[in-house]
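Asker: So here's work_34.pdb, just PDB, C-alpha atoms:
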ATOM      1  CA  MET A   1     -19.703  -9.893  17.932
ATOM      2  CA  ARG A   2     -16.419 -10.672  16.220
ATOM      3  CA  PRO A   3     -14.857  -8.148  13.854
ATOM      4  CA  ASN A   4     -14.891  -8.243  10.084
ATOM      5  CA  VAL A   5     -11.433  -8.640   8.568
ATOM      6  CA  LEU A   6     -10.408  -7.037   5.281
ATOM      7  CA  VAL A   7      -6.838  -7.417   4.037
ATOM      8  CA  ILE A   8      -5.842  -5.180   1.133
ATOM      9  CA  VAL A   9      -2.562  -5.878  -0.644
ATOM     10  CA  ALA A  10      -1.434  -3.289  -3.178
ATOM     11  CA  ASP A  11       1.916  -3.825  -4.863
ATOM     12  CA  GLN A  12       4.345  -0.914  -4.920
ATOM     13  CA  LEU A  13       2.085   1.306  -2.832
ATOM     14  CA  ARG A  14       3.875   3.314  -0.192
ATOM     15  CA  ALA A  15       1.856   3.651   3.005
ATOM     16  CA  ASP A  16       2.365   7.411   2.996
ATOM     17  CA  HIS A  17       0.768   7.674  -0.446
ATOM     18  CA  LEU A  18      -2.764   7.269   0.873
ATOM     19  CA  GLY A  19      -4.841  10.297   1.771
ATOM     20  CA  HIS A  20      -5.411   9.353   5.426
ATOM     21  CA  ALA A  21      -1.697   8.729   5.979
ATOM     22  CA  ASN A  22      -0.199  11.871   4.496
ATOM     23  CA  LYS A  23      -1.954  15.219   4.629
ATOM     24  CA  ASP A  24       1.099  16.920   3.060
ATOM     25  CA  LEU A  25       0.597  15.320  -0.368
ATOM     26  CA  PRO A  26      -2.334  16.179  -2.653
ATOM     27  CA  ILE A  27      -3.628  12.597  -2.683
ATOM     28  CA  SER A  28      -7.293  11.647  -2.800
ATOM     29  CA  THR A  29      -8.156   8.089  -1.793
ATOM     30  CA  PRO A  30     -11.584   8.639  -0.199
ATOM     31  CA  HIS A  31     -12.827   5.034  -0.134
ATOM     32  CA  ILE A  32      -9.660   3.545   1.326
ATOM     33  CA  ASP A  33      -9.467   6.491   3.735
ATOM     34  CA  ALA A  34     -13.017   5.828   4.971
ATOM     35  CA  ILE A  35     -12.176   2.172   5.617
ATOM     36  CA  ALA A  36      -8.866   3.057   7.270
ATOM     37  CA  LEU A  37     -10.317   5.656   9.613
ATOM     38  CA  ASP A  38     -12.718   3.064  11.041
ATOM     39  CA  SER A  39     -10.186   0.228  11.196
ATOM     40  CA  ARG A  40      -7.077  -1.173  12.808
ATOM     41  CA  ARG A  41      -4.101  -0.004  10.758
ATOM     42  CA  PHE A  42      -0.587  -1.395  10.831
ATOM     43  CA  THR A  43       1.695   1.587  10.378
ATOM     44  CA  ARG A  44       4.989  -0.200  11.023
ATOM     45  CA  ALA A  45       4.581  -3.301   8.877
ATOM     46  CA  TYR A  46       7.383  -4.095   6.444
ATOM     47  CA  VAL A  47       7.592  -6.510   3.547
ATOM     48  CA  ALA A  48       9.494  -9.760   3.989
ATOM     49  CA  ASN A  49      10.607  -9.708   0.362
ATOM     50  CA  PRO A  50      10.402  -6.965  -2.295
ATOM     51  CA  THR A  51       8.793  -9.244  -4.911
ATOM     52  CA  CYS A  52       5.117 -10.188  -5.172
ATOM     53  CA  MET A  53       4.899 -13.939  -4.639
ATOM     54  CA  PRO A  54       7.228 -14.286  -1.629
ATOM     55  CA  ASN A  55       5.665 -11.299   0.090
ATOM     56  CA  ARG A  56       2.085 -12.462  -0.485
ATOM     57  CA  ALA A  57       3.014 -15.961   0.715
ATOM     58  CA  THR A  58       4.509 -14.417   3.861
ATOM     59  CA  ILE A  59       1.353 -12.398   4.522
ATOM     60  CA  ALA A  60      -0.794 -15.525   4.048
ATOM     61  CA  THR A  61       1.348 -17.881   6.144
ATOM     62  CA  GLY A  62       2.999 -15.577   8.664
ATOM     63  CA  ARG A  63       6.314 -17.243   7.815
ATOM     64  CA  TRP A  64       9.544 -16.038   6.234
ATOM     65  CA  PRO A  65      10.211 -16.971   2.577
ATOM     66  CA  SER A  66      13.000 -19.286   3.737
ATOM     67  CA  VAL A  67      10.382 -21.258   5.702
ATOM     68  CA  HIS A  68       7.374 -21.335   3.327
ATOM     69  CA  GLY A  69       9.658 -21.907   0.314
ATOM     70  CA  THR A  70       8.427 -19.180  -2.048
ATOM     71  CA  ARG A  71      11.717 -17.300  -2.185
ATOM     72  CA  THR A  72      11.192 -15.577  -5.539
ATOM     73  CA  ASN A  73       8.510 -15.008  -8.158
ATOM     74  CA  GLY A  74       7.867 -18.178 -10.109
ATOM     75  CA  VAL A  75       7.923 -20.521  -7.086
ATOM     76  CA  THR A  76       4.401 -21.645  -6.203
ATOM     77  CA  LEU A  77       3.285 -21.580  -2.570
ATOM     78  CA  ASP A  78       2.679 -25.151  -1.374
ATOM     79  CA  TRP A  79      -1.029 -26.005  -1.729
ATOM     80  CA  GLN A  80      -0.995 -27.465   1.783
ATOM     81  CA  ALA A  81       0.598 -24.410   3.427
ATOM     82  CA  GLU A  82      -1.177 -23.280   6.577
ATOM     83  CA  THR A  83      -2.597 -19.816   5.925
ATOM     84  CA  PHE A  84      -4.413 -17.313   8.090
ATOM     85  CA  MET A  85      -7.394 -17.797   5.753
ATOM     86  CA  ARG A  86      -7.586 -21.495   6.668
ATOM     87  CA  SER A  87      -7.332 -20.617  10.353
ATOM     88  CA  MET A  88     -10.171 -18.123   9.969
ATOM     89  CA  ARG A  89     -12.346 -20.671   8.132
ATOM     90  CA  ARG A  90     -11.880 -23.156  10.972
ATOM     91  CA  THR A  91     -13.258 -20.575  13.407
ATOM     92  CA  GLY A  92     -16.334 -19.941  11.270
ATOM     93  CA  TYR A  93     -15.335 -16.963   9.143
ATOM     94  CA  LYS A  94     -16.405 -16.871   5.508
ATOM     95  CA  THR A  95     -13.357 -16.120   3.375
ATOM     96  CA  SER A  96     -13.150 -14.601  -0.085
ATOM     97  CA  ALA A  97     -10.386 -13.445  -2.377
ATOM     98  CA  ILE A  98     -10.876 -10.844  -5.062
ATOM     99  CA  GLY A  99      -8.155  -9.890  -7.503
ATOM    100  CA  LYS A 100      -4.585 -10.933  -8.037
ATOM    101  CA  LEU A 101      -3.605 -13.479  -5.399
ATOM    102  CA  HIS A 102      -0.320 -14.478  -7.021
ATOM    103  CA  PHE A 103       0.385 -17.606  -4.976
ATOM    104  CA  GLN A 104       1.242 -19.591  -8.145
ATOM    105  CA  THR A 105       3.245 -18.910 -11.254
ATOM    106  CA  MET A 106       1.230 -16.900 -13.752
ATOM    107  CA  GLY A 107       2.481 -16.619 -17.282
ATOM    108  CA  TRP A 108       6.145 -17.303 -16.691
ATOM    109  CA  PRO A 109       7.792 -18.863 -19.713
ATOM    110  CA  TYR A 110       8.030 -22.219 -17.944
ATOM    111  CA  GLU A 111       5.459 -23.507 -15.521
ATOM    112  CA  GLY A 112       6.501 -26.195 -13.048
ATOM    113  CA  PHE A 113       4.845 -28.991 -15.045
ATOM    114  CA  GLN A 114       6.845 -27.949 -18.132
ATOM    115  CA  LEU A 115      10.272 -28.123 -16.523
ATOM    116  CA  ALA A 116      10.510 -31.936 -16.465
ATOM    117  CA  ASP A 117       9.596 -32.116 -20.153
ATOM    118  CA  ILE A 118      12.122 -29.402 -21.040
ATOM    119  CA  GLU A 119      14.842 -31.101 -19.000
ATOM    120  CA  GLU A 120      14.165 -34.386 -20.808
ATOM    121  CA  HIS A 121      13.896 -33.080 -24.379
ATOM    122  CA  ALA A 122      15.871 -29.817 -24.456
ATOM    123  CA  PRO A 123      18.080 -29.426 -21.368
ATOM    124  CA  GLU A 124      20.212 -26.844 -23.165
ATOM    125  CA  VAL A 125      17.301 -24.406 -22.929
ATOM    126  CA  LEU A 126      17.488 -24.417 -19.130
ATOM    127  CA  ASN A 127      21.271 -24.361 -19.159
ATOM    128  CA  ASP A 128      21.240 -21.225 -21.308
ATOM    129  CA  LEU A 129      18.756 -19.454 -19.057
ATOM    130  CA  PRO A 130      20.081 -18.525 -15.618
ATOM    131  CA  ASP A 131      17.782 -19.494 -12.738
ATOM    132  CA  ALA A 132      15.088 -20.823 -15.106
ATOM    133  CA  ARG A 133      14.016 -23.419 -12.575
ATOM    134  CA  VAL A 134      12.944 -20.822 -10.016
ATOM    135  CA  TYR A 135      12.358 -17.665 -12.010
ATOM    136  CA  SER A 136      11.338 -16.617 -15.474
ATOM    137  CA  GLY A 137      15.057 -16.758 -16.338
ATOM    138  CA  ILE A 138      14.768 -15.465 -19.852
ATOM    139  CA  GLY A 139      18.169 -13.875 -19.919
ATOM    140  CA  GLU A 140      19.116 -10.298 -20.628
ATOM    141  CA  GLY A 141      17.628  -8.667 -23.677
ATOM    142  CA  LYS A 142      15.294 -11.541 -24.554
ATOM    143  CA  ASP A 143      11.551 -11.085 -24.716
ATOM    144  CA  TRP A 144       9.728 -13.703 -22.612
ATOM    145  CA  GLN A 145       6.823 -13.697 -25.058
ATOM    146  CA  GLN A 146       8.847 -15.656 -27.610
ATOM    147  CA  TRP A 147       8.447 -18.674 -25.291
ATOM    148  CA  GLU A 148       4.925 -17.986 -24.099
ATOM    149  CA  ASN A 149       2.082 -20.112 -25.446
ATOM    150  CA  SER A 150      -0.595 -17.440 -25.149
ATOM    151  CA  GLU A 151      -3.251 -19.674 -26.724
ATOM    152  CA  ARG A 152      -3.381 -21.705 -23.504
ATOM    153  CA  HIS A 153      -5.038 -18.712 -21.809
ATOM    154  CA  ARG A 154      -7.987 -18.914 -24.195
ATOM    155  CA  GLU A 155      -8.530 -22.665 -23.826
ATOM    156  CA  GLY A 156     -10.925 -22.276 -20.902
ATOM    157  CA  TYR A 157     -10.879 -22.244 -17.157
ATOM    158  CA  PHE A 158      -8.509 -24.303 -15.133
ATOM    159  CA  GLU A 159      -9.695 -26.177 -12.107
ATOM    160  CA  LEU A 160      -8.820 -24.728  -8.728
ATOM    161  CA  PRO A 161      -8.724 -27.007  -5.706
ATOM    162  CA  THR A 162     -11.876 -26.766  -3.600
ATOM    163  CA  ASP A 163      -9.783 -25.413  -0.721
ATOM    164  CA  TYR A 164      -7.833 -22.648  -2.418
ATOM    165  CA  TYR A 165      -5.381 -21.709   0.349
ATOM    166  CA  GLY A 166      -8.343 -21.354   2.702
ATOM    167  CA  PHE A 167     -10.634 -19.171   0.598
ATOM    168  CA  ASP A 168     -14.298 -20.163   0.222
ATOM    169  CA  THR A 169     -14.729 -17.952  -2.836
ATOM    170  CA  VAL A 170     -12.128 -16.838  -5.354
ATOM    171  CA  ASP A 171     -12.632 -14.241  -8.089
ATOM    172  CA  LEU A 172      -9.467 -13.797 -10.112
ATOM    173  CA  ALA A 173      -8.748 -10.503 -11.825
ATOM    174  CA  VAL A 174      -9.191 -10.208 -15.567
ATOM    175  CA  GLY A 175      -8.355  -7.413 -17.952
ATOM    176  CA  HIS A 176      -5.220  -6.309 -16.121
ATOM    177  CA  GLY A 177      -2.759  -4.328 -18.251
ATOM    178  CA  ASP A 178      -2.154  -4.188 -21.965
ATOM    179  CA  ARG A 179      -0.290  -7.483 -22.371
ATOM    180  CA  PRO A 180      -1.597  -9.770 -19.649
ATOM    181  CA  SER A 181      -0.601 -13.362 -19.092
ATOM    182  CA  GLY A 182      -1.295 -16.152 -16.648
ATOM    183  CA  HIS A 183      -4.928 -16.028 -15.610
ATOM    184  CA  TYR A 184      -5.185 -12.490 -16.936
ATOM    185  CA  TRP A 185      -6.574 -11.977 -20.416
ATOM    186  CA  HIS A 186      -8.763  -9.331 -22.026
TER     187      HIS A 186
END
Would you mind writing the file out in structure tokens?

Answerer:
Amino acid sequence: MRPNVLVIVADQLRADHLGHANKDLPISTPHIDAIALDSRRFTRAYVANPTCMPNRATIATGRWPSVHGTRTNGVTLDWQAETFMRSMRRTGYKTSAIGKLHFQTMGWPYEGFQLADIEEHAPEVLNDLPDARVYSGIGEGKDWQQWENSERHREGYFELPTDYYGFDTVDLAVGHGDRPSGHYWH
């Protein structure tokens, strides 16, 4: 019988801040501890990049950010990228994703499809915003929400490709934080 595989990604969570990993701290994580104690744990794994999207893309593809192309937040992972989820599907595993995947831009002031229109009609906007083409690039002291069209998040669901990076089922997180954006709204 082949093993079940569960990958948990938790941003900004130090490995030694889980109950099973550090008996010296008064930390209680009973459910994760129960899973961990009956599982294979990687105790010397390090992030390839300190920001969400490049690191998640590296976990999914097994490649460095310089190879898969997602070098910073705001740069979408190529839809055709080979992922471990696709490899698992080909061998008969059922794959599911629950929560924040963060393989695409979510709520940045300019999505990829908007950049061409901005460059054509208002190029000075991009010129005034450092790194706007690859990052949120709002500039110091400016609130990104002045550019955000939050109504687009209430317009309905957007279509995901039938092969979403190799997942059979995808449930995206909702109700995350006080001022969510992207596919988060509550």

Asker: Excluding same-chain residues fewer than 2 positions from segment 90-95 of chain A, what lies within 6 Å of it counting only C-alpha atoms, as JSON, numbers by chain?

Answerer: {"A": [87, 88, 167, 168]}

Asker: Of the residues A:Ala10, A:Met1, A:Ala57, A:Ala15, which is the one nearest to Ile27 of chain A, using all atoms listed in the file?

Answerer: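 Using all atoms listed in the file, the shortest distance to Ile27 of chain A belongs to A:Ala15.
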
Asker: Go through A:Val7, A:Val170, A:Val75, A:Val47 and flag the residue nearest Ser96 of chain A, using all atoms listed in the file for the distances.

Answerer: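 Closest residue, counting all atoms listed in the file: A:Val170.
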
Asker: Within 10 Å of segment 62-65 of chain A, counting all atoms listed in the file, which residues show up once you throw out same-chain ones fewer than 6 positions away? Write them as a VMD selection string, please.

Answerer: chain A and resid 48 to 49 53 to 56 71 to 72 77 82 to 84

Asker: Mind pulling up the distance from atom CA of Arg41 of chain A to atom CA of Gln12 of chain A?

Answerer: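 These atoms are spaced 17.8 Å apart.
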
Asker: Using the file's own x, y and z axes, what box holds all listed atoms of segment 27-46 of chain A with 4 Å on each side, keeping edges along x, y and z, and what are its centre and edge lengths in Å to one decimal, as JSON?

Answerer:
{"center_x": -2.8, "center_y": 4.3, "center_z": 5.0, "size_x": 28.4, "size_y": 24.7, "size_z": 23.6}

Asker: Excluding same-chain residues fewer than 2 positions from Ile8 of chain A, what lies within 10 Å of it counting all atoms listed in the file, as an mmCIF file with C-alpha atoms, in the coordinates of the input?

Answerer:
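The resulting file, out.cif, is reproduced below:
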data_model
loop_
_atom_site.group_PDB
_atom_site.id
_atom_site.type_symbol
_atom_site.label_atom_id
_atom_site.label_comp_id
_atom_site.auth_asym_id
_atom_site.auth_seq_id
_atom_site.Cartn_x
_atom_site.Cartn_y
_atom_site.Cartn_z
ATOM 1 C CA VAL A 5 -11.433 -8.640 8.568
ATOM 2 C CA LEU A 6 -10.408 -7.037 5.281
ATOM 3 C CA ALA A 10 -1.434 -3.289 -3.178
ATOM 4 C CA ASP A 11 1.916 -3.825 -4.863
ATOM 5 C CA ILE A 32 -9.660 3.545 1.326
ATOM 6 C CA ILE A 98 -10.876 -10.844 -5.062
#

Asker: Report, in Å to a single decimal, how far apart atom CA of Cys52 of chain A and atom CA of Ala97 of chain A are.

Answerer: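 If I compute the distance from atom CA of Ala97 of chain A to atom CA of Cys52 of chain A, I get 16.1 Å.
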
Asker: Tell me, in Å to one decimal, how far atom CA of Gly69 of chain A is from atom CA of Arg89 of chain A.

Answerer: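 Separation of atom CA of Gly69 of chain A and atom CA of Arg89 of chain A: 23.4 Å.
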
Asker: With the file shown as input, list the residues that the PyMOL selection byres ((chain A and resi 104) around 9) selects, as a list in words.

Answerer: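 For this structure, the PyMOL selection byres ((chain A and resi 104) around 9) captures Met53, Asn73, Gly74, Val75, Thr76, Leu77, Asp78, Leu101, His102, Phe103, Thr105 and Met106 of chain A.
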
Asker: Taking into account all atoms listed in the file, which residue in the set A:Thr29, A:Lys100, A:Gln80, A:Tyr165 is nearest to Asp16 of chain A?

Answerer: A:Thr29

Asker: Which one is closest to Arg14 of chain A: A:Thr51, A:Tyr46, A:Ser39, A:His31? Count all atoms listed in the file.

Answerer: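 So, comparing all the options, the nearest one is A:Tyr46.
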
Asker: With distances taken over only C-alpha atoms, which of A:Arg44, A:Asp33, A:Thr58, A:Ser66 is nearest to His17 of chain A?

Answerer: A:Asp33

Asker: From the list A:Pro50, A:Tyr164, A:Thr70, A:Pro26, which residue is nearest Leu13 of chain A when using all atoms listed in the file?

Answerer: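 With all atoms listed in the file as the atom set, the closest residue is A:Pro50.
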